[in-house]
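A.B. asks: Input final04.txt, format and content: compact mmCIF, C-alpha atoms and all ligand atoms.
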```txt
# COMPACT_ATOMS: atom_id res chain seq x y z
CA MET N 1 83.53 78.48 91.10
CA SER N 2 80.36 76.60 90.16
CA GLU N 3 78.83 73.98 92.44
CA ILE N 4 78.42 70.56 90.89
CA GLN N 5 75.00 68.95 91.36
CA SER N 6 74.43 67.00 88.19
CA VAL N 7 76.99 64.59 86.73
CA VAL N 8 77.12 62.59 83.49
CA VAL N 9 79.47 59.61 83.51
CA VAL N 10 80.28 58.34 80.03
CA GLY N 11 81.21 54.65 80.16
CA SER N 12 79.83 52.12 82.64
CA GLY N 13 82.77 49.71 82.77
CA THR N 14 85.08 49.03 85.71
CA MET N 15 85.82 52.71 86.35
CA GLY N 16 82.65 54.35 85.00
CA HIS N 17 80.20 52.47 87.20
CA GLY N 18 82.38 53.08 90.26
CA ILE N 19 82.51 56.82 89.52
CA ALA N 20 78.72 56.94 89.01
CA GLN N 21 78.26 55.11 92.32
CA VAL N 22 80.38 57.45 94.45
CA CYS N 23 78.78 60.54 92.87
CA ALA N 24 75.24 59.25 93.51
CA HIS N 25 76.17 58.19 97.03
CA ALA N 26 77.37 61.75 97.70
CA GLY N 27 73.90 63.10 96.82
CA LEU N 28 74.56 64.17 93.22
CA ARG N 29 72.18 63.45 90.32
CA VAL N 30 73.91 61.06 87.96
CA THR N 31 73.33 59.90 84.40
CA MET N 32 75.49 56.93 83.43
CA THR N 33 75.78 56.23 79.72
CA ASP N 34 77.23 53.51 77.53
CA VAL N 35 77.04 52.19 73.98
CA SER N 36 73.92 50.06 74.46
CA GLU N 37 71.14 49.48 76.98
CA ALA N 38 72.52 46.02 77.75
CA VAL N 39 76.01 47.35 78.53
CA VAL N 40 74.79 50.18 80.76
CA ALA N 41 72.41 47.79 82.56
CA LYS N 42 75.41 45.56 83.33
CA GLY N 43 77.17 48.59 84.85
CA LYS N 44 74.13 49.30 87.00
CA ALA N 45 74.07 45.67 88.21
CA GLN N 46 77.72 46.08 89.27
CA ILE N 47 76.76 49.19 91.28
CA GLU N 48 73.97 47.27 93.01
CA LYS N 49 76.41 44.48 93.87
CA SER N 50 78.94 46.92 95.32
CA LEU N 51 76.27 48.78 97.35
CA ALA N 52 74.96 45.48 98.74
CA LYS N 53 78.52 44.61 99.82
CA LEU N 54 78.90 47.97 101.57
CA ARG N 55 75.51 47.51 103.31
CA GLU N 56 76.38 43.99 104.44
CA LYS N 57 79.62 45.36 105.95
CA GLY N 58 77.57 48.01 107.80
CA ARG N 59 79.28 50.84 105.87
CA ILE N 60 76.00 52.20 104.46
CA SER N 61 72.34 51.88 105.48
CA ALA N 62 69.56 50.25 103.42
CA GLU N 63 68.10 53.77 102.89
CA ASP N 64 71.44 55.00 101.56
CA GLU N 65 71.59 52.04 99.22
CA GLN N 66 68.11 52.74 97.80
CA ARG N 67 68.73 56.49 97.57
CA THR N 68 71.99 55.91 95.67
CA VAL N 69 70.40 53.52 93.14
CA ALA N 70 67.46 55.91 92.65
CA ALA N 71 69.82 58.85 91.91
CA ILE N 72 71.29 57.10 88.85
CA SER N 73 69.57 57.34 85.44
CA LEU N 74 70.76 55.34 82.46
CA SER N 75 71.20 56.55 78.90
CA THR N 76 72.82 55.58 75.60
CA ASP N 77 73.15 59.20 74.45
CA PRO N 78 76.01 61.01 76.24
CA VAL N 79 75.66 64.14 74.07
CA ALA N 80 71.96 64.67 74.90
CA ALA N 81 72.60 63.90 78.59
CA SER N 82 75.41 66.49 78.72
CA ALA N 83 73.04 69.37 77.82
CA SER N 84 72.00 69.76 81.47
CA ALA N 85 75.17 68.58 83.27
CA ASP N 86 77.46 70.51 85.62
CA LEU N 87 80.19 67.90 85.22
CA ILE N 88 80.83 65.30 82.53
CA VAL N 89 83.33 62.56 83.39
CA GLU N 90 84.49 60.45 80.48
CA ALA N 91 85.55 56.90 81.39
CA VAL N 92 85.67 55.33 77.94
CA PRO N 93 88.52 52.95 76.93
CA GLU N 94 92.06 54.35 77.04
CA ARG N 95 92.21 55.34 73.35
CA MET N 96 92.91 58.91 72.31
CA ASP N 97 90.68 58.75 69.20
CA LEU N 98 87.64 57.77 71.31
CA LYS N 99 88.34 60.42 73.93
CA LEU N 100 88.88 63.24 71.42
CA ASP N 101 85.69 62.44 69.54
CA LEU N 102 83.63 62.26 72.71
CA VAL N 103 85.05 65.36 74.44
CA LYS N 104 84.53 67.44 71.30
CA LYS N 105 80.86 66.42 71.09
CA VAL N 106 79.93 66.64 74.78
CA SER N 107 81.71 69.97 75.30
CA GLU N 108 79.69 71.47 72.44
CA ALA N 109 76.42 70.18 73.95
CA ALA N 110 77.19 71.08 77.60
CA PRO N 111 76.24 74.36 79.32
CA ALA N 112 79.03 77.00 79.33
CA HIS N 113 79.73 76.53 83.06
CA ALA N 114 80.10 72.72 82.82
CA ILE N 115 83.42 70.99 83.50
CA VAL N 116 84.54 68.16 81.22
CA ALA N 117 86.78 65.69 83.04
CA THR N 118 88.74 62.80 81.59
CA ASN N 119 89.50 59.70 83.66
CA THR N 120 92.48 58.89 81.47
CA SER N 121 95.27 56.96 83.25
CA SER N 122 98.10 58.32 81.16
CA LEU N 123 97.09 60.19 78.00
CA SER N 124 97.67 63.91 77.43
CA VAL N 125 94.89 65.96 79.05
CA THR N 126 96.24 68.98 77.15
CA GLU N 127 95.60 67.21 73.82
CA ILE N 128 92.08 66.28 74.99
CA ALA N 129 91.40 69.87 76.15
CA GLY N 130 92.56 71.03 72.71
CA VAL N 131 89.41 69.71 71.00
CA ALA N 132 86.95 71.02 73.62
CA LYS N 133 84.77 74.07 73.05
CA ASP N 134 86.37 75.68 76.13
CA GLY N 135 89.70 74.10 77.11
CA THR N 136 89.81 76.09 80.36
CA ARG N 137 86.92 73.90 81.64
CA VAL N 138 88.72 70.59 80.92
CA VAL N 139 90.63 68.72 83.62
CA GLY N 140 91.92 65.22 84.36
CA MET N 141 90.08 63.36 87.12
CA HIS N 142 91.89 60.07 87.57
CA PHE N 143 90.04 57.60 89.83
CA PHE N 144 91.33 54.31 91.25
CA ASN N 145 89.87 50.83 91.25
CA PRO N 146 87.80 49.84 93.23
CA VAL N 147 86.45 53.41 93.12
CA PRO N 148 84.15 53.14 96.18
CA VAL N 149 87.12 52.05 98.34
CA MET N 150 90.14 53.96 97.03
CA GLU N 151 90.60 57.41 98.60
CA LEU N 152 92.66 59.19 95.95
CA LEU N 153 91.49 61.50 93.19
CA GLU N 154 94.37 62.59 90.96
CA ILE N 155 93.45 65.96 89.44
CA VAL N 156 95.46 66.67 86.29
CA ARG N 157 95.99 70.24 85.16
CA ALA N 158 96.14 70.59 81.38
CA MET N 159 97.99 73.56 79.92
CA GLN N 160 94.58 75.21 79.27
CA THR N 161 92.87 74.36 82.63
CA SER N 162 91.81 77.46 84.62
CA GLU N 163 92.34 77.96 88.36
CA ASP N 164 88.57 78.13 88.73
CA THR N 165 88.24 74.64 87.20
CA ILE N 166 90.93 73.28 89.56
CA ALA N 167 89.08 74.82 92.53
CA SER N 168 85.80 73.21 91.38
CA ALA N 169 87.56 69.84 90.94
CA ARG N 170 89.00 70.06 94.48
CA ALA N 171 85.55 70.91 95.90
CA PHE N 172 84.05 67.99 93.96
CA ALA N 173 86.70 65.61 95.40
CA ALA N 174 85.77 66.74 98.93
CA LYS N 175 82.05 66.32 98.17
CA ILE N 176 82.51 62.68 97.05
CA GLY N 177 84.85 61.87 99.95
CA LYS N 178 88.13 61.61 98.01
CA LYS N 179 91.52 63.13 98.83
CA PRO N 180 92.81 65.14 95.85
CA ILE N 181 96.32 65.64 94.57
CA VAL N 182 96.93 68.13 91.76
CA VAL N 183 99.55 67.17 89.20
CA LYS N 184 100.94 68.61 86.00
CA ASP N 185 99.90 67.01 82.72
CA ALA N 186 102.88 64.67 82.16
CA PRO N 187 102.62 61.14 80.69
CA GLY N 188 101.31 58.75 83.37
CA PHE N 189 100.97 61.66 85.87
CA ALA N 190 102.15 60.84 89.44
CA THR N 191 100.40 57.48 89.74
CA SER N 192 100.38 55.36 86.56
CA ARG N 193 104.00 56.24 85.77
CA LEU N 194 105.12 54.56 89.02
CA GLY N 195 102.35 51.94 89.28
CA VAL N 196 102.75 50.35 85.85
CA ILE N 197 106.54 50.11 86.07
CA LEU N 198 106.15 47.75 89.06
CA GLY N 199 103.57 45.63 87.23
CA CYS N 200 105.72 45.64 84.08
CA GLU N 201 108.84 44.46 85.96
CA ALA N 202 106.80 41.74 87.74
CA ILE N 203 105.64 40.38 84.35
CA ARG N 204 109.23 40.42 83.05
CA MET N 205 110.32 38.49 86.18
CA LEU N 206 107.58 35.92 85.56
CA GLU N 207 108.71 35.63 81.92
CA GLN N 208 112.31 35.07 83.04
CA GLY N 209 111.27 32.41 85.58
CA VAL N 210 112.59 34.37 88.58
CA ALA N 211 109.69 33.10 90.72
CA SER N 212 106.07 31.97 90.44
CA ALA N 213 103.25 34.55 90.13
CA GLU N 214 102.19 33.72 93.70
CA ASP N 215 105.71 34.27 95.08
CA ILE N 216 106.30 37.51 93.15
CA ASP N 217 103.03 38.82 94.61
CA LEU N 218 103.82 37.57 98.12
CA ALA N 219 107.21 39.30 97.93
CA MET N 220 105.52 42.68 97.63
CA GLU N 221 102.59 41.89 99.94
CA LEU N 222 104.70 40.62 102.84
CA GLY N 223 108.02 42.30 102.11
CA TYR N 224 106.66 45.75 101.25
CA ARG N 225 103.15 45.62 102.74
CA HIS N 226 101.40 46.30 99.44
CA PRO N 227 97.71 45.36 99.82
CA MET N 228 98.00 43.14 96.75
CA GLY N 229 100.97 42.03 94.66
CA PRO N 230 101.69 43.58 91.22
CA LEU N 231 100.35 40.62 89.20
CA LYS N 232 97.09 40.40 91.20
CA LEU N 233 96.77 44.16 90.77
CA THR N 234 97.30 43.87 87.00
CA ASP N 235 94.47 41.30 86.97
CA LEU N 236 92.28 43.79 88.87
CA VAL N 237 93.08 46.74 86.59
CA GLY N 238 92.83 44.68 83.38
CA LEU N 239 95.75 43.47 81.26
CA ASP N 240 94.33 45.28 78.21
CA VAL N 241 94.19 48.56 80.15
CA ARG N 242 97.78 48.16 81.37
CA LEU N 243 99.00 47.32 77.85
CA LEU N 244 97.41 50.48 76.42
CA ILE N 245 99.04 52.56 79.18
CA LEU N 246 102.44 50.92 78.63
CA ASP N 247 102.28 51.37 74.84
CA HIS N 248 101.62 55.07 75.39
CA LEU N 249 104.31 55.56 78.06
CA HIS N 250 106.83 53.59 75.96
CA LYS N 251 106.26 56.05 73.13
CA GLU N 252 106.40 59.11 75.39
CA LEU N 253 109.00 58.21 78.04
CA GLY N 254 111.19 55.48 76.57
CA GLU N 255 112.51 51.98 76.81
CA GLN N 256 111.80 51.28 80.51
CA PHE N 257 108.08 51.18 79.63
CA ARG N 258 108.37 48.69 76.72
CA PRO N 259 105.48 46.23 77.31
CA PRO N 260 106.68 42.66 78.07
CA SER N 261 105.78 40.21 75.27
CA LEU N 262 104.02 37.96 77.79
CA LEU N 263 101.56 40.79 78.51
CA ARG N 264 100.86 41.32 74.82
CA GLN N 265 100.39 37.58 74.24
CA MET N 266 97.99 37.28 77.19
CA VAL N 267 95.91 40.18 75.87
CA ARG N 268 95.81 38.55 72.43
CA ALA N 269 94.61 35.33 74.11
CA GLY N 270 91.81 37.26 75.84
CA ARG N 271 93.28 36.68 79.33
CA LEU N 272 92.39 40.19 80.44
CA GLY N 273 92.24 39.57 84.19
CA ARG N 274 89.54 39.37 86.81
CA LYS N 275 86.76 40.85 84.62
CA VAL N 276 86.89 37.84 82.25
CA GLY N 277 87.73 35.19 84.87
CA ARG N 278 91.35 34.65 83.80
CA GLY N 279 94.61 36.57 83.88
CA PHE N 280 97.72 35.69 85.86
CA TYR N 281 95.27 33.84 88.13
CA ASP N 282 91.91 32.12 87.58
CA TYR N 283 88.69 33.60 89.00
CA PRO N 284 86.18 30.73 88.87
CA ASP N 285 83.36 32.92 90.28
CA VAL N 286 83.34 35.15 87.19
CA ASN N 287 80.90 33.99 84.52
CA ALA N 288 82.90 34.36 81.36
CA PRO N 289 84.24 31.93 78.78
CA LYS N 290 87.73 30.68 79.69
CA LYS N 291 90.37 31.18 77.01
N1 LIG V 301 82.67 47.95 96.22
C1 LIG V 301 82.49 48.11 97.54
N2 LIG V 301 83.34 47.65 98.48
C2 LIG V 301 84.41 46.98 98.05
C3 LIG V 301 84.66 46.75 96.68
C4 LIG V 301 83.75 47.28 95.74
N3 LIG V 301 83.89 47.15 94.41
N4 LIG V 301 85.83 46.05 96.58
C5 LIG V 301 86.29 45.86 97.83
N5 LIG V 301 85.43 46.42 98.72
C6 LIG V 301 85.58 46.51 100.16
C7 LIG V 301 85.33 45.20 100.87
O1 LIG V 301 83.95 45.00 101.12
C8 LIG V 301 86.13 45.38 102.17
O2 LIG V 301 85.43 46.14 103.13
P1 LIG V 301 85.81 46.09 104.71
O3 LIG V 301 87.16 46.73 104.85
O4 LIG V 301 84.72 46.87 105.36
O5 LIG V 301 85.84 44.64 105.07
C9 LIG V 301 87.31 46.19 101.72
O6 LIG V 301 86.94 46.82 100.47
C10 LIG V 301 88.48 45.31 101.49
O7 LIG V 301 88.11 44.27 100.59
P2 LIG V 301 88.40 42.72 100.79
O8 LIG V 301 88.35 42.36 102.24
O9 LIG V 301 87.57 41.96 99.82
O10 LIG V 301 89.85 42.49 100.25
P3 LIG V 301 91.16 43.24 100.58
O11 LIG V 301 91.30 43.56 102.02
O12 LIG V 301 92.20 42.43 99.90
O13 LIG V 301 91.02 44.64 99.80
C11 LIG V 301 91.33 45.92 97.89
C12 LIG V 301 90.71 44.68 98.44
C13 LIG V 301 90.63 47.16 98.44
C14 LIG V 301 91.13 45.85 96.37
C15 LIG V 301 92.85 45.96 98.29
O14 LIG V 301 93.45 44.73 97.97
C16 LIG V 301 93.62 47.06 97.62
O15 LIG V 301 93.62 48.18 98.07
N6 LIG V 301 94.32 46.72 96.53
C17 LIG V 301 95.07 47.67 95.75
C18 LIG V 301 94.13 48.40 94.82
C19 LIG V 301 94.87 49.39 93.96
O16 LIG V 301 96.06 49.57 94.02
N7 LIG V 301 94.11 50.05 93.09
C20 LIG V 301 94.64 50.98 92.14
C21 LIG V 301 94.77 50.33 90.81
S1 LIG V 301 95.40 51.41 89.59
C22 LIG V 301 94.02 52.19 89.02
O17 LIG V 301 92.90 51.90 89.34
C23 LIG V 301 94.29 53.31 88.07
C24 LIG V 301 93.67 53.09 86.72
O18 LIG V 301 94.03 54.17 85.92
C25 LIG V 301 94.04 51.83 86.03
```
Represent the structure from my file as structure tokens, please.
C.D. replies:
Amino acid sequence: MSEIQSVVVVGSGTMGHGIAQVCAHAGLRVTMTDVSEAVVAKGKAQIEKSLAKLREKGRISAEDEQRTVAAISLSTDPVAASASADLIVEAVPERMDLKLDLVKKVSEAAPAHAIVATNTSSLSVTEIAGVAKDGTRVVGMHFFNPVPVMELLEIVRAMQTSEDTIASARAFAAKIGKKPIVVKDAPGFATSRLGVILGCEAIRMLEQGVASAEDIDLAMELGYRHPMGPLKLTDLVGLDVRLLILDHLHKELGEQFRPPSLLRQMVRAGRLGRKVGRGFYDYPDVNAPKK
């Protein structure tokens, strides 16, 4: 089992910047990459905002904050960065074509001992491992939003994944302060398969006029003690992300995952949730054009 000291995170969006942050905070050297300098700089600004929040709450010290920021380098070349990595975590959009292309390239550039992890929410890790130079070193590492706060790391075992890779993934989870579960590579794994069905049903209920968005959310917050209702959570995750997951699960698992037309219409209208300032709710603090 190889110890992980140097991590490349590909993608600096909602999940990617959170993953880079927790790795750097745990003392690992991190390179965060994205398609342009402007995009990756935006991801870094999000990390700084999150660290400042944690410092203000007394969860981390000012030294910790500075050390974490200093441990993160930025790049626009994930393939070159992977040449000296122990672990590469891909957190690019939930599209199989993007993931296959990237995993093929980074696995060819990476050292033989390196692990290539995919943060996919639902796609086949076995299919992704199929294009890698060494499929035994590929694993699913599914993180949860907001990454610095959520304790779970869902480790997904592809058909090709070796026991040694699973052991390294478990040790990595412990190092970054996450609790791992290990699941078989099945569509939506143990989390998304259950999580999106609740969000999907809540959107159908809104469509059918069963109750207002606020009341549907309150029902689950007060009646079931969920920390946030399913519509607020869909805004947090991103309506576009949930639609991609549902389209995939609908194809793989059947009718119960058919995306509600309201969700598809909202995505077409650009109402993607909190990140753009508008979803099922409005977020006036977010600087983005309202659609
Ligand atoms: N960085 C650092 N700290 C953060 C943060 C961030 N990005 N976001 C929230 N926090 C901290 C807050 O500072 C606060 O700290 P405190 O406990 O010391 O006061 C704590 O988290 C709670 O935050 P708030 O007080 O602002 O608000 P809440 O109490 O409502 O908690 C929440 C916010 C943690 C998001 C909570 O509502 C929650 O757990 N919601 C459910 C989240 C969830 O289900 N995530 C999974 C989504 S599915 C997914 O990600 C999978 C993917 O594949 C799509």
A.B. asks: Please check which protein, DNA or RNA residues sit within 8 Å of ligand LIG 301 (chain V), counting only C-alpha atoms and all ligand atoms, and write them as a PyMOL selection string.
C.D. replies: chain N and resi 15+18+47+49-51+53-54+57-59+119-122+142-150+191-192+195+226-228+233-234+236-238+241-242
A.B. asks: Show me, as a VMD selection string, the residues that have an atom within 8 Å of Arg193 of chain N when counting all atoms listed in the file, minus same-chain residues fewer than 5 positions from it.
C.D. replies: chain N and resid 122 187 to 188 249
A.B. asks: So, counting all atoms listed in the file, which residue among N:Arg268, N:Arg137, N:Lys275, N:Lys251 is closest to Ser107 of chain N?
C.D. replies: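 For Ser107 of chain N, the nearest of the given residues is N:Arg137.
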A.B. asks: For Val116 of chain N, which residue out of N:Ile19, N:Val7, N:Val183, N:Ala80 is the nearest one, using only C-alpha atoms?
C.D. replies: N:Val7
A.B. asks: Between atom CA of Asp34 of chain N and atom CA of Val196 of chain N, what distance in Å does the model show, to one decimal?
C.D. replies: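 For atom CA of Asp34 of chain N relative to atom CA of Val196 of chain N, the distance reads 27.0 Å.
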A.B. asks: Counting only C-alpha atoms, what is within 7 Å of Leu74 of chain N, bar same-chain residues fewer than 3 positions away, as number ranges by chain?
C.D. replies: N: 31-33, 40
A.B. asks: Take the point (92.3, 64.0, 92.7) as written in the file and pick out every residue within 12 Å of it, counting all atoms listed in the file; give the list as a PyMOL selection string.
C.D. replies: chain N and resi 117-119+139-144+150-157+166-184+189-191
A.B. asks: Between N:Gly130, N:Gly11, N:Gly223, N:Pro93, which one has atoms that come closest to Asp77 of chain N, using all atoms listed in the file?
C.D. replies: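 That would be N:Gly11, the residue with the smallest distance to Asp77 of chain N.
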A.B. asks: Excluding Arg29 of chain N and residues on its chain fewer than 2 positions from it, collect all residues at most 8 Å away from it, counting only C-alpha atoms, and give them as a ChimeraX atom specification.
C.D. replies: /N:5-7,23-24,27,31,71-72
A.B. asks: For a test of reading the model, state the distance in Å between atom CA of Ile60 of chain N and atom CA of Gly16 of chain N, rounded to one decimal.
C.D. replies: 20.7 Å
A.B. asks: With N, CA, C and O atoms retained, output segment 25-48 of chain N as a short mmCIF file (atom, residue, chain, number, x, y, z; two decimals), in the first residue's frame.
C.D. replies:
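part-v2.cif written:
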```cif
data_model
loop_
_atom_site.label_atom_id
_atom_site.label_comp_id
_atom_site.auth_asym_id
_atom_site.auth_seq_id
_atom_site.Cartn_x
_atom_site.Cartn_y
_atom_site.Cartn_z
N HIS N 25 -5.53 20.82 3.78
CA HIS N 25 -5.67 21.01 5.23
C HIS N 25 -5.09 19.82 6.00
O HIS N 25 -4.55 19.97 7.09
N ALA N 26 -5.15 18.63 5.37
CA ALA N 26 -4.61 17.43 6.01
C ALA N 26 -3.09 17.31 5.86
O ALA N 26 -2.49 16.33 6.27
N GLY N 27 -2.45 18.30 5.22
CA GLY N 27 -0.99 18.29 5.13
C GLY N 27 -0.47 17.71 3.82
O GLY N 27 0.73 17.47 3.70
N LEU N 28 -1.35 17.47 2.85
CA LEU N 28 -0.90 16.92 1.56
C LEU N 28 -0.55 18.06 0.61
O LEU N 28 -1.09 19.16 0.74
N ARG N 29 0.35 17.79 -0.33
CA ARG N 29 0.65 18.78 -1.38
C ARG N 29 -0.40 18.63 -2.46
O ARG N 29 -0.67 17.51 -2.92
N VAL N 30 -1.00 19.75 -2.86
CA VAL N 30 -2.13 19.67 -3.79
C VAL N 30 -1.89 20.55 -5.01
O VAL N 30 -1.46 21.69 -4.88
N THR N 31 -2.20 20.01 -6.18
CA THR N 31 -2.30 20.84 -7.39
C THR N 31 -3.75 20.77 -7.84
O THR N 31 -4.29 19.67 -8.05
N MET N 32 -4.38 21.95 -7.95
CA MET N 32 -5.77 21.99 -8.42
C MET N 32 -5.75 22.53 -9.85
O MET N 32 -5.11 23.56 -10.11
N THR N 33 -6.42 21.85 -10.75
CA THR N 33 -6.39 22.27 -12.14
C THR N 33 -7.80 22.55 -12.66
O THR N 33 -8.79 22.02 -12.14
N ASP N 34 -7.86 23.40 -13.68
CA ASP N 34 -9.13 23.60 -14.39
C ASP N 34 -8.83 24.10 -15.79
O ASP N 34 -7.67 24.25 -16.17
N VAL N 35 -9.89 24.40 -16.54
CA VAL N 35 -9.71 24.67 -17.97
C VAL N 35 -9.03 25.99 -18.29
O VAL N 35 -8.48 26.17 -19.36
N SER N 36 -9.07 26.95 -17.35
CA SER N 36 -8.39 28.23 -17.60
C SER N 36 -7.90 28.79 -16.27
O SER N 36 -8.38 28.38 -15.19
N GLU N 37 -6.99 29.75 -16.36
CA GLU N 37 -6.46 30.37 -15.14
C GLU N 37 -7.57 31.09 -14.39
O GLU N 37 -7.61 31.07 -13.16
N ALA N 38 -8.49 31.71 -15.13
CA ALA N 38 -9.58 32.44 -14.46
C ALA N 38 -10.48 31.48 -13.67
O ALA N 38 -10.86 31.76 -12.54
N VAL N 39 -10.78 30.33 -14.26
CA VAL N 39 -11.68 29.37 -13.58
C VAL N 39 -11.00 28.80 -12.33
O VAL N 39 -11.62 28.72 -11.26
N VAL N 40 -9.74 28.43 -12.45
CA VAL N 40 -9.07 27.83 -11.29
C VAL N 40 -8.84 28.88 -10.19
O VAL N 40 -8.91 28.56 -8.99
N ALA N 41 -8.65 30.14 -10.59
CA ALA N 41 -8.50 31.21 -9.59
C ALA N 41 -9.81 31.41 -8.83
O ALA N 41 -9.82 31.68 -7.62
N LYS N 42 -10.93 31.23 -9.51
CA LYS N 42 -12.24 31.33 -8.85
C LYS N 42 -12.39 30.21 -7.80
O LYS N 42 -12.89 30.43 -6.69
N GLY N 43 -11.92 29.02 -8.16
CA GLY N 43 -11.95 27.90 -7.22
C GLY N 43 -11.11 28.19 -5.99
O GLY N 43 -11.50 27.91 -4.85
N LYS N 44 -9.94 28.79 -6.22
CA LYS N 44 -9.06 29.13 -5.09
C LYS N 44 -9.72 30.17 -4.18
O LYS N 44 -9.64 30.08 -2.95
N ALA N 45 -10.41 31.14 -4.79
CA ALA N 45 -11.11 32.17 -3.99
C ALA N 45 -12.19 31.52 -3.11
O ALA N 45 -12.39 31.92 -1.96
N GLN N 46 -12.83 30.48 -3.64
CA GLN N 46 -13.86 29.77 -2.86
C GLN N 46 -13.23 29.06 -1.66
O GLN N 46 -13.80 29.02 -0.57
N ILE N 47 -12.02 28.51 -1.87
CA ILE N 47 -11.30 27.85 -0.78
C ILE N 47 -10.97 28.87 0.31
O ILE N 47 -11.16 28.63 1.51
N GLU N 48 -10.50 30.03 -0.13
CA GLU N 48 -10.13 31.07 0.85
C GLU N 48 -11.36 31.50 1.66
O GLU N 48 -11.27 31.72 2.87
#
```
